[in-house]
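For reference, target_23.txt (compact mmCIF, C-alpha atoms and all ligand atoms):
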```
# COMPACT_ATOMS: atom_id res chain seq x y z
CA MET I 617 10.21 -13.76 17.80
CA SER I 618 8.46 -14.89 14.65
CA SER I 619 8.66 -18.60 14.07
CA ASN I 620 8.21 -20.62 10.93
CA ILE I 621 6.45 -17.90 8.96
CA ARG I 622 6.28 -18.75 5.29
CA ASP I 623 5.49 -16.49 2.38
CA THR I 624 3.02 -19.10 1.19
CA ASP I 625 0.95 -19.00 4.41
CA VAL I 626 -2.66 -17.92 3.92
CA ARG I 627 -3.22 -14.66 5.77
CA SER I 628 -6.91 -13.99 5.43
CA GLY I 629 -6.69 -10.58 7.06
CA PRO I 630 -7.38 -8.74 10.30
CA ASP I 631 -9.51 -10.44 12.97
CA ARG I 632 -12.19 -7.86 12.34
CA TYR I 633 -12.73 -5.31 9.58
CA VAL I 634 -15.25 -2.62 10.43
CA SER I 635 -16.17 -0.23 7.66
CA GLY I 636 -18.63 2.58 8.15
CA ILE I 637 -19.10 6.29 8.44
CA GLY I 638 -18.29 7.40 11.97
CA VAL I 639 -16.55 4.23 13.23
CA ALA I 640 -13.31 6.11 13.93
CA ARG I 641 -15.25 8.63 16.02
CA ASP I 642 -16.46 5.71 18.13
CA ILE I 643 -13.00 4.35 18.75
CA GLY I 644 -13.40 4.56 22.53
CA GLY I 645 -16.07 1.86 22.29
CA TYR I 646 -13.56 -0.57 20.83
CA LEU I 647 -10.99 -0.25 23.61
CA ASP I 648 -12.81 -1.82 26.58
CA ASP I 649 -10.74 -5.00 26.45
CA TYR I 650 -7.44 -3.20 27.01
CA ARG I 651 -5.77 -1.93 30.16
CA GLN I 652 -3.32 0.48 28.58
CA PRO I 653 -3.76 1.23 24.90
CA VAL I 654 -1.30 3.69 23.38
CA LEU I 655 -1.81 5.65 20.21
CA ILE I 656 0.88 5.87 17.57
CA THR I 657 0.40 8.54 14.95
CA GLY I 658 2.12 11.11 12.75
CA GLU I 659 1.95 14.84 12.42
CA ARG I 660 -0.61 15.13 9.61
CA SER I 661 -2.54 11.99 10.48
CA TRP I 662 -3.09 13.17 14.04
CA GLU I 663 -4.25 16.54 12.75
CA ALA I 664 -6.69 14.77 10.41
CA PHE I 665 -7.98 12.43 13.11
CA SER I 666 -8.34 14.99 15.90
CA GLY I 667 -9.98 17.42 13.47
CA TYR I 668 -12.51 14.73 12.62
CA ALA I 669 -13.22 13.01 15.95
CA ASP I 670 -15.48 14.90 18.36
CA ALA I 671 -13.59 13.61 21.37
CA VAL I 672 -10.06 12.28 21.20
CA PRO I 673 -9.53 9.33 23.56
CA ASP I 674 -7.46 10.20 26.61
CA LEU I 675 -4.46 7.97 25.90
CA PRO I 676 -0.70 8.35 25.62
CA VAL I 677 0.11 9.56 22.11
CA LEU I 678 3.44 8.52 20.58
CA ARG I 679 4.64 10.27 17.44
CA TYR I 680 6.52 8.38 14.79
CA ASP I 681 9.18 10.22 12.82
CA GLY I 682 7.84 9.48 9.35
CA SER I 683 10.85 7.37 8.40
CA ALA I 684 9.24 3.89 8.40
CA THR I 685 12.55 2.53 9.67
CA VAL I 686 13.02 -0.42 12.01
CA ARG I 687 15.12 1.97 14.13
CA ASN I 688 12.11 4.24 14.75
CA ALA I 689 9.84 1.25 15.41
CA SER I 690 12.32 -0.03 18.03
CA GLU I 691 12.38 3.37 19.75
CA LEU I 692 8.58 3.49 19.81
CA ALA I 693 8.47 -0.09 21.10
CA ASP I 694 10.73 0.93 24.02
CA ARG I 695 8.39 3.78 24.88
CA ALA I 696 5.30 1.56 24.54
CA ARG I 697 6.90 -1.05 26.81
CA ALA I 698 7.72 1.63 29.39
CA LEU I 699 4.02 2.54 29.38
CA HIS I 700 3.06 -1.18 29.75
CA ALA I 701 1.02 -0.89 26.57
CA ASP I 702 -1.18 -3.90 25.81
CA ALA I 703 -2.62 -2.41 22.62
CA VAL I 704 -1.20 -0.19 19.92
CA ILE I 705 -3.66 1.99 18.02
CA ALA I 706 -2.24 3.09 14.71
CA VAL I 707 -3.80 6.31 13.45
CA GLY I 708 -2.34 7.16 10.06
CA ALA I 709 -1.51 5.94 6.60
CA GLY I 710 0.89 3.42 5.06
CA LYS I 711 4.22 4.23 6.70
CA LEU I 712 2.61 4.79 10.07
CA SER I 713 0.72 1.49 9.76
CA ASP I 714 3.89 -0.36 8.83
CA THR I 715 5.76 1.17 11.76
CA ALA I 716 2.93 0.28 14.17
CA LYS I 717 2.92 -3.33 12.90
CA ASN I 718 6.62 -3.53 13.79
CA VAL I 719 5.93 -2.01 17.21
CA ALA I 720 3.15 -4.55 17.85
CA GLU I 721 5.47 -7.41 16.95
CA PHE I 722 8.35 -6.06 19.06
CA THR I 723 6.14 -5.51 22.13
CA GLY I 724 3.62 -8.34 21.72
CA ALA I 725 0.80 -5.78 22.08
CA GLU I 726 -2.50 -6.10 20.24
CA LEU I 727 -2.95 -3.91 17.16
CA ILE I 728 -5.81 -1.66 16.07
CA MET I 729 -5.56 0.15 12.77
CA VAL I 730 -7.33 3.42 11.96
CA PRO I 731 -6.32 4.35 8.43
CA THR I 732 -6.52 8.07 7.63
CA LEU I 733 -5.96 7.49 3.89
CA ALA I 734 -6.92 4.76 1.40
CA ALA I 735 -3.55 4.97 -0.32
CA THR I 736 -2.32 1.38 0.25
CA CYS I 737 -3.50 -1.87 1.82
CA ALA I 738 -1.06 -1.34 4.71
CA ALA I 739 -3.89 -1.18 7.27
CA TYR I 740 -5.02 -4.66 6.21
CA SER I 741 -1.91 -6.64 5.33
CA ALA I 742 0.41 -8.44 7.75
CA LEU I 743 3.66 -7.08 6.38
CA SER I 744 5.69 -3.92 6.91
CA VAL I 745 7.56 -2.16 4.16
CA ASN I 746 10.70 -0.84 5.86
CA TYR I 747 12.92 1.95 4.61
CA ASP I 748 16.50 2.92 5.45
CA GLU I 749 17.56 6.30 6.83
CA LYS I 750 17.88 7.67 3.31
CA HIS I 751 14.23 6.85 2.49
CA ARG I 752 15.24 3.92 0.30
CA TYR I 753 13.31 0.67 0.33
CA ALA I 754 14.98 -1.80 2.73
CA ASN I 755 12.78 -4.91 3.13
CA ALA I 756 9.21 -6.13 3.72
CA PRO I 757 8.99 -8.79 6.43
CA LEU I 758 5.75 -10.64 7.24
CA HIS I 759 4.59 -10.37 10.85
CA PRO I 760 3.51 -13.43 12.83
CA ARG I 761 0.12 -11.91 13.68
CA ASN I 762 -2.47 -9.78 11.92
CA SER I 763 -4.16 -6.79 13.49
CA ASN I 764 -7.12 -7.37 15.78
CA LEU I 765 -9.25 -4.65 14.31
CA VAL I 766 -9.29 -2.28 11.37
CA LEU I 767 -11.63 0.70 11.60
CA VAL I 768 -12.23 2.04 8.11
CA ASP I 769 -14.12 5.30 8.35
CA ALA I 770 -14.83 6.65 4.87
CA ALA I 771 -15.79 10.06 6.24
CA LEU I 772 -12.35 10.40 7.87
CA ILE I 773 -10.52 9.04 4.81
CA ALA I 774 -12.51 11.28 2.46
CA ARG I 775 -10.98 14.32 4.19
CA GLY I 776 -7.53 13.26 3.00
CA PRO I 777 -5.76 14.73 -0.03
CA ARG I 778 -6.98 13.58 -3.44
CA GLU I 779 -3.52 12.51 -4.61
CA TYR I 780 -3.37 9.79 -1.96
CA LEU I 781 -6.72 8.34 -2.97
CA VAL I 782 -5.54 8.40 -6.58
CA GLY I 783 -2.31 6.73 -5.48
CA GLY I 784 -4.32 4.07 -3.68
CA ILE I 785 -6.14 3.33 -6.91
CA GLY I 786 -2.80 2.80 -8.67
CA ASP I 787 -1.35 0.70 -5.86
CA THR I 788 -4.45 -1.49 -5.79
CA LEU I 789 -4.75 -1.89 -9.54
CA ALA I 790 -1.23 -3.34 -9.41
CA LYS I 791 -2.53 -6.33 -7.44
CA TRP I 792 -4.16 -7.62 -10.60
CA TYR I 793 -1.31 -6.80 -12.96
CA GLU I 794 1.46 -8.05 -10.70
CA SER I 795 -0.20 -11.37 -9.89
CA ARG I 796 -1.55 -12.08 -13.38
CA PRO I 797 1.70 -13.28 -15.02
CA VAL I 798 2.72 -15.20 -11.90
CA PHE I 799 -0.57 -17.09 -11.72
CA ALA I 800 -0.56 -17.59 -15.48
CA ARG I 801 2.79 -19.41 -15.34
CA ALA I 802 1.99 -21.52 -12.27
CA ALA I 803 1.73 -25.25 -13.02
CA SER I 804 -1.24 -25.49 -10.69
CA LEU I 805 -3.16 -23.09 -8.49
CA SER I 806 -4.33 -23.88 -4.98
CA ALA I 807 -7.91 -23.17 -3.97
CA PHE I 808 -6.70 -20.05 -2.17
CA ASP I 809 -4.66 -18.93 -5.19
CA ARG I 810 -7.88 -19.02 -7.17
CA LEU I 811 -9.65 -16.94 -4.53
CA SER I 812 -6.78 -14.44 -4.69
CA GLN I 813 -7.09 -14.34 -8.48
CA GLN I 814 -10.83 -13.65 -8.22
CA ALA I 815 -10.24 -10.88 -5.70
CA ALA I 816 -7.67 -9.30 -8.02
CA ALA I 817 -10.04 -9.43 -10.99
CA GLU I 818 -12.83 -7.97 -8.88
CA LEU I 819 -10.77 -5.07 -7.61
CA ARG I 820 -9.66 -4.23 -11.14
CA SER I 821 -13.31 -4.10 -12.28
CA ILE I 822 -14.36 -1.93 -9.38
CA LEU I 823 -11.49 0.50 -9.86
CA LEU I 824 -11.81 0.82 -13.63
CA GLU I 825 -15.58 1.29 -13.37
CA GLU I 826 -15.92 3.42 -10.25
CA SER I 827 -12.75 5.43 -9.62
CA GLU I 828 -13.86 8.45 -11.59
CA ALA I 829 -17.20 8.62 -9.78
CA ALA I 830 -15.47 8.07 -6.42
CA LEU I 831 -13.06 10.93 -7.11
CA ARG I 832 -15.95 13.19 -8.11
CA ALA I 833 -17.62 12.44 -4.78
CA HIS I 834 -14.32 13.09 -2.99
CA ASP I 835 -14.00 16.44 -4.79
CA ARG I 836 -17.52 17.40 -3.69
CA GLY I 837 -16.73 16.37 -0.12
CA VAL I 838 -19.39 13.68 0.00
CA VAL I 839 -19.17 9.95 0.68
CA ASP I 840 -21.29 8.04 -1.82
CA GLU I 841 -21.44 4.33 -2.61
CA HIS I 842 -18.67 4.63 -5.23
CA LEU I 843 -16.26 6.27 -2.82
CA LEU I 844 -17.13 3.72 -0.12
CA ARG I 845 -16.49 0.86 -2.52
CA VAL I 846 -13.19 2.28 -3.77
CA ILE I 847 -11.97 2.86 -0.20
CA ASP I 848 -12.81 -0.72 0.84
CA THR I 849 -11.22 -1.94 -2.38
CA ASN I 850 -7.96 -0.03 -1.80
CA ILE I 851 -7.64 -1.16 1.80
CA GLY I 852 -9.51 -4.46 2.11
CA LEU I 853 -9.79 -6.20 -1.25
CA ALA I 854 -6.23 -5.19 -2.04
CA GLY I 855 -5.10 -6.88 1.15
CA THR I 856 -6.94 -10.12 0.40
CA VAL I 857 -5.08 -10.63 -2.88
CA GLY I 858 -1.69 -11.01 -1.21
CA GLY I 859 -3.26 -12.50 1.91
CA PHE I 860 -4.78 -15.46 0.09
CA GLY I 861 -2.32 -15.73 -2.78
CA GLY I 862 0.90 -15.47 -0.76
CA THR I 863 4.08 -14.73 -2.68
CA ARG I 864 2.45 -15.42 -6.01
CA ALA I 865 0.12 -12.50 -5.45
CA ARG I 866 2.55 -10.03 -3.92
CA ALA I 867 4.81 -7.46 -5.48
CA SER I 868 6.37 -8.26 -8.83
CA GLY I 869 7.14 -5.89 -11.70
CA ALA I 870 5.18 -2.76 -10.79
CA HIS I 871 6.42 -2.58 -7.20
CA SER I 872 9.95 -3.39 -8.33
CA MET I 873 9.75 -0.24 -10.44
CA HIS I 874 8.45 1.67 -7.42
CA ASP I 875 11.27 0.42 -5.24
CA ALA I 876 13.76 1.20 -8.00
CA LEU I 877 12.44 4.76 -8.36
CA THR I 878 13.04 5.38 -4.65
CA GLN I 879 16.77 4.83 -5.35
CA ILE I 880 17.07 8.10 -7.30
CA PRO I 881 16.49 11.70 -6.18
CA GLY I 882 13.33 13.54 -7.17
CA THR I 883 10.79 10.75 -6.65
CA SER I 884 9.76 11.32 -3.04
CA SER I 885 7.25 14.00 -4.08
CA THR I 886 5.35 11.37 -6.09
CA VAL I 887 3.09 9.25 -3.87
CA HIS I 888 3.77 5.52 -3.54
CA GLY I 889 0.79 4.37 -5.59
CA ALA I 890 1.52 6.76 -8.45
CA LYS I 891 5.02 5.29 -8.79
CA VAL I 892 3.50 1.81 -8.66
CA ALA I 893 0.99 2.80 -11.36
CA TYR I 894 3.87 3.88 -13.59
CA GLY I 895 5.43 0.52 -12.74
CA ILE I 896 2.32 -1.31 -14.05
CA ILE I 897 2.86 0.32 -17.43
CA VAL I 898 6.57 -0.55 -17.51
CA GLN I 899 5.83 -4.12 -16.43
CA LEU I 900 3.17 -4.58 -19.12
CA LEU I 901 5.56 -3.25 -21.75
CA ALA I 902 8.32 -5.55 -20.48
CA GLU I 903 5.85 -8.44 -20.72
CA GLY I 904 5.25 -7.47 -24.33
CA ASP I 905 1.62 -6.53 -23.66
CA ALA I 906 1.66 -3.05 -25.20
CA ASP I 907 -2.06 -3.30 -26.02
CA GLU I 908 -3.01 -3.61 -22.36
CA ALA I 909 -0.59 -0.81 -21.41
CA ARG I 910 -2.10 1.43 -24.05
CA SER I 911 -5.65 0.54 -22.97
CA LEU I 912 -4.91 1.83 -19.47
CA VAL I 913 -3.74 5.26 -20.61
CA PRO I 914 -7.20 6.89 -20.89
CA PHE I 915 -8.05 5.59 -17.40
CA TYR I 916 -4.76 6.89 -16.00
CA ASP I 917 -5.41 10.27 -17.61
CA SER I 918 -8.96 10.39 -16.26
CA VAL I 919 -7.90 9.81 -12.64
CA GLY I 920 -4.49 11.49 -12.80
CA LEU I 921 -2.03 8.58 -12.58
CA PRO I 922 1.36 8.89 -14.34
CA HIS I 923 2.25 6.58 -17.22
CA SER I 924 5.57 8.28 -17.96
CA LEU I 925 8.61 9.59 -16.11
CA ARG I 926 7.83 12.99 -17.59
CA GLN I 927 4.56 13.14 -15.63
CA MET I 928 6.54 12.56 -12.42
CA GLY I 929 8.94 15.39 -13.23
CA LEU I 930 11.72 12.98 -14.24
CA ASP I 931 13.67 12.78 -17.46
CA ILE I 932 14.08 9.64 -19.57
CA ASP I 933 17.22 11.24 -21.07
CA ASP I 934 18.90 11.30 -17.66
CA ALA I 935 20.84 8.15 -18.57
CA ASP I 936 22.49 7.74 -15.15
CA ALA I 937 19.22 7.87 -13.24
CA VAL I 938 17.47 5.57 -15.71
CA ARG I 939 20.36 3.10 -15.38
CA VAL I 940 20.15 3.14 -11.56
CA VAL I 941 16.40 2.48 -11.72
CA ALA I 942 16.72 -0.29 -14.31
CA GLU I 943 19.61 -2.03 -12.53
CA PHE I 944 17.69 -2.03 -9.27
CA ALA I 945 14.41 -3.16 -10.83
CA ALA I 946 16.08 -6.07 -12.60
CA GLY I 947 18.38 -6.85 -9.66
CA ASP I 948 18.27 -9.35 -6.80
CA LYS I 949 16.63 -6.97 -4.33
CA ALA I 950 13.60 -6.58 -6.61
CA ALA I 951 11.01 -9.08 -7.84
CA PHE I 952 10.55 -8.04 -11.47
CA ALA I 953 11.62 -11.53 -12.56
CA GLN I 954 8.41 -12.88 -10.98
CA ALA I 955 6.51 -11.05 -13.70
CA VAL I 956 9.08 -11.37 -16.48
CA PRO I 957 11.52 -14.26 -15.92
CA GLY I 958 15.06 -13.40 -16.96
CA ILE I 959 14.38 -9.65 -17.11
CA THR I 960 17.57 -7.60 -17.57
CA ALA I 961 18.33 -3.95 -16.88
CA ASP I 962 18.42 -3.33 -20.63
CA ASP I 963 14.91 -4.79 -20.94
CA VAL I 964 13.72 -2.40 -18.22
CA VAL I 965 15.35 0.60 -19.95
CA HIS I 966 13.66 -0.45 -23.18
CA ALA I 967 10.25 -0.70 -21.49
CA MET I 968 10.78 2.68 -19.79
CA ARG I 969 11.52 4.24 -23.17
CA LEU I 970 8.38 2.71 -24.66
CA ALA I 971 6.33 4.02 -21.73
CA GLU I 972 7.56 7.54 -22.43
CA SER I 973 6.16 7.44 -25.94
CA LEU I 974 2.74 5.95 -25.04
CA ALA I 975 -0.21 8.15 -25.94
ZN ZN L 1001 2.19 -0.72 -2.74
```
How does this structure look as structure tokens?
Ligand SMILES: [Zn+2]
Amino acid sequence: MSSNIRDTDVRSGPDRYVSGIGVARDIGGYLDDYRQPVLITGERSWEAFSGYADAVPDLPVLRYDGSATVRNASELADRARALHADAVIAVGAGKLSDTAKNVAEFTGAELIMVPTLAATCAAYSALSVNYDEKHRYANAPLHPRNSNLVLVDAALIARGPREYLVGGIGDTLAKWYESRPVFARAASLSAFDRLSQQAAAELRSILLEESEAALRAHDRGVVDEHLLRVIDTNIGLAGTVGGFGGTRARASGAHSMHDALTQIPGTSSTVHGAKVAYGIIVQLLAEGDADEARSLVPFYDSVGLPHSLRQMGLDIDDADAVRVVAEFAAGDKAAFAQAVPGITADDVVHAMRLAESLA
């Protein structure tokens, strides 16, 4: 279905990004153009949304199975087709968004995203991270089209668990650290690469300066300007980095560590962005930038992001598990070499050991 899609294409983002308190409550007002919208959601996300919205739109509701597999997306696409759906409304977080993007591609329906968490840029980006039936990372294809509309309602998102907002901060911070070495080595940068670089620098500033205040607001159950800015940063600004910068600005070392961690047992209880945050530290150490890694530790501690395996309930002395992670991170299925050319599994093990002794 998708034709001639390149990783270097500029994908500036959704057709429309609407951010504001209450916009998800008004979702009915955004559906006039469609004959048969269908909602795709998950267990917890639907609970969060229906507990927040005064009136839930009277539409068919399809439940995804939480797997983020292409198999589940195909099943949902069959059901959406049977309903003659011309729009898919994705109410949920990262995995749900990624599944709905697959469904929209398979069916050709329009796509509306209503993120219930600010844990990743999945609601903004044009790619799906797919998993296999054993919850292991499978692939991340780019879709031919972006979503038509993203409704970012901070009051809905602020009701979500703290750990996902914290994870979103880690996942987003990685945009700067993962693209930095790639841009630094590039012989020349396009105009859009430079825009991507600026977006990455900006999101890092916002997160380092405002995350603590945003989390305080979240803990008090209020939406202030800091929380609003961090939510738009995690969803929107994060998405622009990869959108404008293409492959140069997508996953490199930190996400390779995330993907590698999903290969061993015991990591599914740690949210995506927390594993990525740990990956930033390992990547920086593998780059030889221990000073920068060390400088992030107080920030990690202040917001509650892990900089060691220990903090994720894993053991650096579990040699088999560490080997599996390192082999995967340095292997062909991962992109660590984008950050550190020629990286080997031994280099990754070394960096992981250094991370354990930081701070
Ligand atoms: Zn991520």
Size and centre in Å, one decimal, axis-aligned box, all listed segment 701-712 of chain I atoms plus 4 Å per side, as AutoDock Vina command-line options:
```
--center_x 0.2 --center_y 1.6 --center_z 15.8 --size_x 16.0 --size_y 19.1 --size_z 29.5
```
Legend entry - Test item: residues no farther than 8 Å from ligand ZN 1001 (chain L), counting only C-alpha atoms and all ligand atoms, as a PyMOL selection string: chain I and resi 736-737+787-788+790+867+871+888-889+892
Same residues, C-alpha atoms, output as a PDB file, keeping the file's coordinate frame:
```pdb
ATOM      1  CA  THR I 736      -2.320   1.380   0.250  1.00  0.00           C
ATOM      2  CA  CYS I 737      -3.500  -1.870   1.820  1.00  0.00           C
ATOM      3  CA  ASP I 787      -1.350   0.700  -5.860  1.00  0.00           C
ATOM      4  CA  THR I 788      -4.450  -1.490  -5.790  1.00  0.00           C
ATOM      5  CA  ALA I 790      -1.230  -3.340  -9.410  1.00  0.00           C
ATOM      6  CA  ALA I 867       4.810  -7.460  -5.480  1.00  0.00           C
ATOM      7  CA  HIS I 871       6.420  -2.580  -7.200  1.00  0.00           C
ATOM      8  CA  HIS I 888       3.770   5.520  -3.540  1.00  0.00           C
ATOM      9  CA  GLY I 889       0.790   4.370  -5.590  1.00  0.00           C
ATOM     10  CA  VAL I 892       3.500   1.810  -8.660  1.00  0.00           C
TER      11      VAL I 892
END
```
Legend entry - For segment 680-695 of chain I: contacts at 12 Å, only C-alpha atoms, fewer than 5 positions along chain excluded, given as a ChimeraX atom specification: /I:654-662,700-704,706-725,744-757
Would you tabulate, counting all atoms listed in the file, all residues of segment 806-915 of chain I that have an atom at most 9 Å from an atom of segment 928-950 of chain I, showing the closest pair of atoms and their distance in Å to one decimal, sorted by chain then ascending number, as JSON lines?
```
{"residue": "I:Ala867", "atom": "CA", "partner": "I:Ala950", "partner_atom": "CA", "distance": 8.9}
{"residue": "I:Ser868", "atom": "CA", "partner": "I:Ala950", "partner_atom": "CA", "distance": 7.7}
{"residue": "I:Gly869", "atom": "CA", "partner": "I:Ala945", "partner_atom": "CA", "distance": 7.8}
{"residue": "I:His871", "atom": "CA", "partner": "I:Ala950", "partner_atom": "CA", "distance": 8.2}
{"residue": "I:Ser872", "atom": "CA", "partner": "I:Ala945", "partner_atom": "CA", "distance": 5.1}
{"residue": "I:Met873", "atom": "CA", "partner": "I:Ala945", "partner_atom": "CA", "distance": 5.5}
{"residue": "I:His874", "atom": "CA", "partner": "I:Ala945", "partner_atom": "CA", "distance": 8.4}
{"residue": "I:Asp875", "atom": "CA", "partner": "I:Ala945", "partner_atom": "CA", "distance": 7.3}
{"residue": "I:Ala876", "atom": "CA", "partner": "I:Val941", "partner_atom": "CA", "distance": 4.7}
{"residue": "I:Leu877", "atom": "CA", "partner": "I:Val941", "partner_atom": "CA", "distance": 5.7}
{"residue": "I:Thr878", "atom": "CA", "partner": "I:Val941", "partner_atom": "CA", "distance": 8.3}
{"residue": "I:Gln879", "atom": "CA", "partner": "I:Val941", "partner_atom": "CA", "distance": 6.8}
{"residue": "I:Ile880", "atom": "CA", "partner": "I:Ala937", "partner_atom": "CA", "distance": 6.3}
{"residue": "I:Pro881", "atom": "CA", "partner": "I:Ala937", "partner_atom": "CA", "distance": 8.5}
{"residue": "I:Gly882", "atom": "CA", "partner": "I:Leu930", "partner_atom": "CA", "distance": 7.3}
{"residue": "I:Thr883", "atom": "CA", "partner": "I:Met928", "partner_atom": "CA", "distance": 7.4}
{"residue": "I:Ser885", "atom": "CA", "partner": "I:Met928", "partner_atom": "CA", "distance": 8.5}
{"residue": "I:Thr886", "atom": "CA", "partner": "I:Met928", "partner_atom": "CA", "distance": 6.5}
{"residue": "I:Ala890", "atom": "CA", "partner": "I:Met928", "partner_atom": "CA", "distance": 8.6}
{"residue": "I:Lys891", "atom": "CA", "partner": "I:Met928", "partner_atom": "CA", "distance": 8.3}
```
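Distance-wise, atom CA of Pro797 of chain I and atom CA of Pro957 of chain I end up 9.9 Å apart.
The spacing separating atom CA of Leu743 of chain I from atom CA of Pro653 of chain I amounts to 21.6 Å.
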Inset, instruction - Counting all atoms listed in the file, figure out which residue out of I:Tyr668, I:Phe799, I:Tyr646, I:Phe860 gets nearest to Ser628 of chain I. - result: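 Checking each of I:Tyr668, I:Phe799, I:Tyr646, I:Phe860 against Ser628 of chain I, counting all atoms listed in the file, the winner is I:Phe860.
If you measure from each of I:Ala770, I:Ala664, I:Ala698, I:Ala739 to Pro676 of chain I using all atoms listed in the file, the closest one turns out to be I:Ala698.
Using all atoms listed in the file, the protein and nucleic acid residues lying no more than 9 Å from Arg641 of chain I, apart from those fewer than 4 places from it along its own chain, are Ile637, Phe665, Tyr668, Ala669, Asp670, Ala671, Val672, Asp769 and Leu772 of chain I.
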Legend entry - Counting only C-alpha atoms, the option among I:Val798, I:Ile785, I:Ala967, I:Ala803 closest to Ile822 of chain I: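 Among the listed residues, I:Ile785 lies closest to Ile822 of chain I.
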Legend entry - Who sits within 10 Å of segment 913-927 of chain I, all atoms listed in the file, same chain under 2 positions skipped, as a ChimeraX atom specification: /I:778-779,781-783,785-786,823-825,827-832,877,883,886,889-898,908-911,929-932,938,968-975
Inset, instruction - Give me the residues within 9 Å of Val639 of chain I as JSON, numbers by chain, counting only C-alpha atoms and dropping any in the same chain fewer than 4 places off. - result: {"I": [634, 635, 643, 767, 768, 769, 770]}
Inset, instruction - Compare I:Leu647, I:Val839, I:Leu912, I:Leu900 by their minimum atom-to-atom distance to Asp963 of chain I, counting all atoms listed in the file, and give me the closest one. - result: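 Using all atoms listed in the file, the shortest distance to Asp963 of chain I belongs to I:Leu900.
The gap separating atom CA of Ile959 of chain I from atom CA of Ser741 of chain I is 27.9 Å, in Å to one decimal.
Using only C-alpha atoms, the smallest distance between any of I:Ala742, I:Asp835, I:Gln899, I:Lys791 and Asp625 of chain I comes from I:Ala742.
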Legend entry - Protein, DNA and RNA residues within 10 Å of (-10.1, -12.4, -6.6), all atoms listed in the file, as a ChimeraX atom specification: /I:791-792,808-820,853-854,856-857,860-861
Inset, instruction - Excluding Tyr780 of chain I and any residue of its chain fewer than 4 positions from it, enumerate the residues within 8 Å of it, using only C-alpha atoms, and give them as a PyMOL selection string. - result: chain I and resi 733-735+776+784+887+889
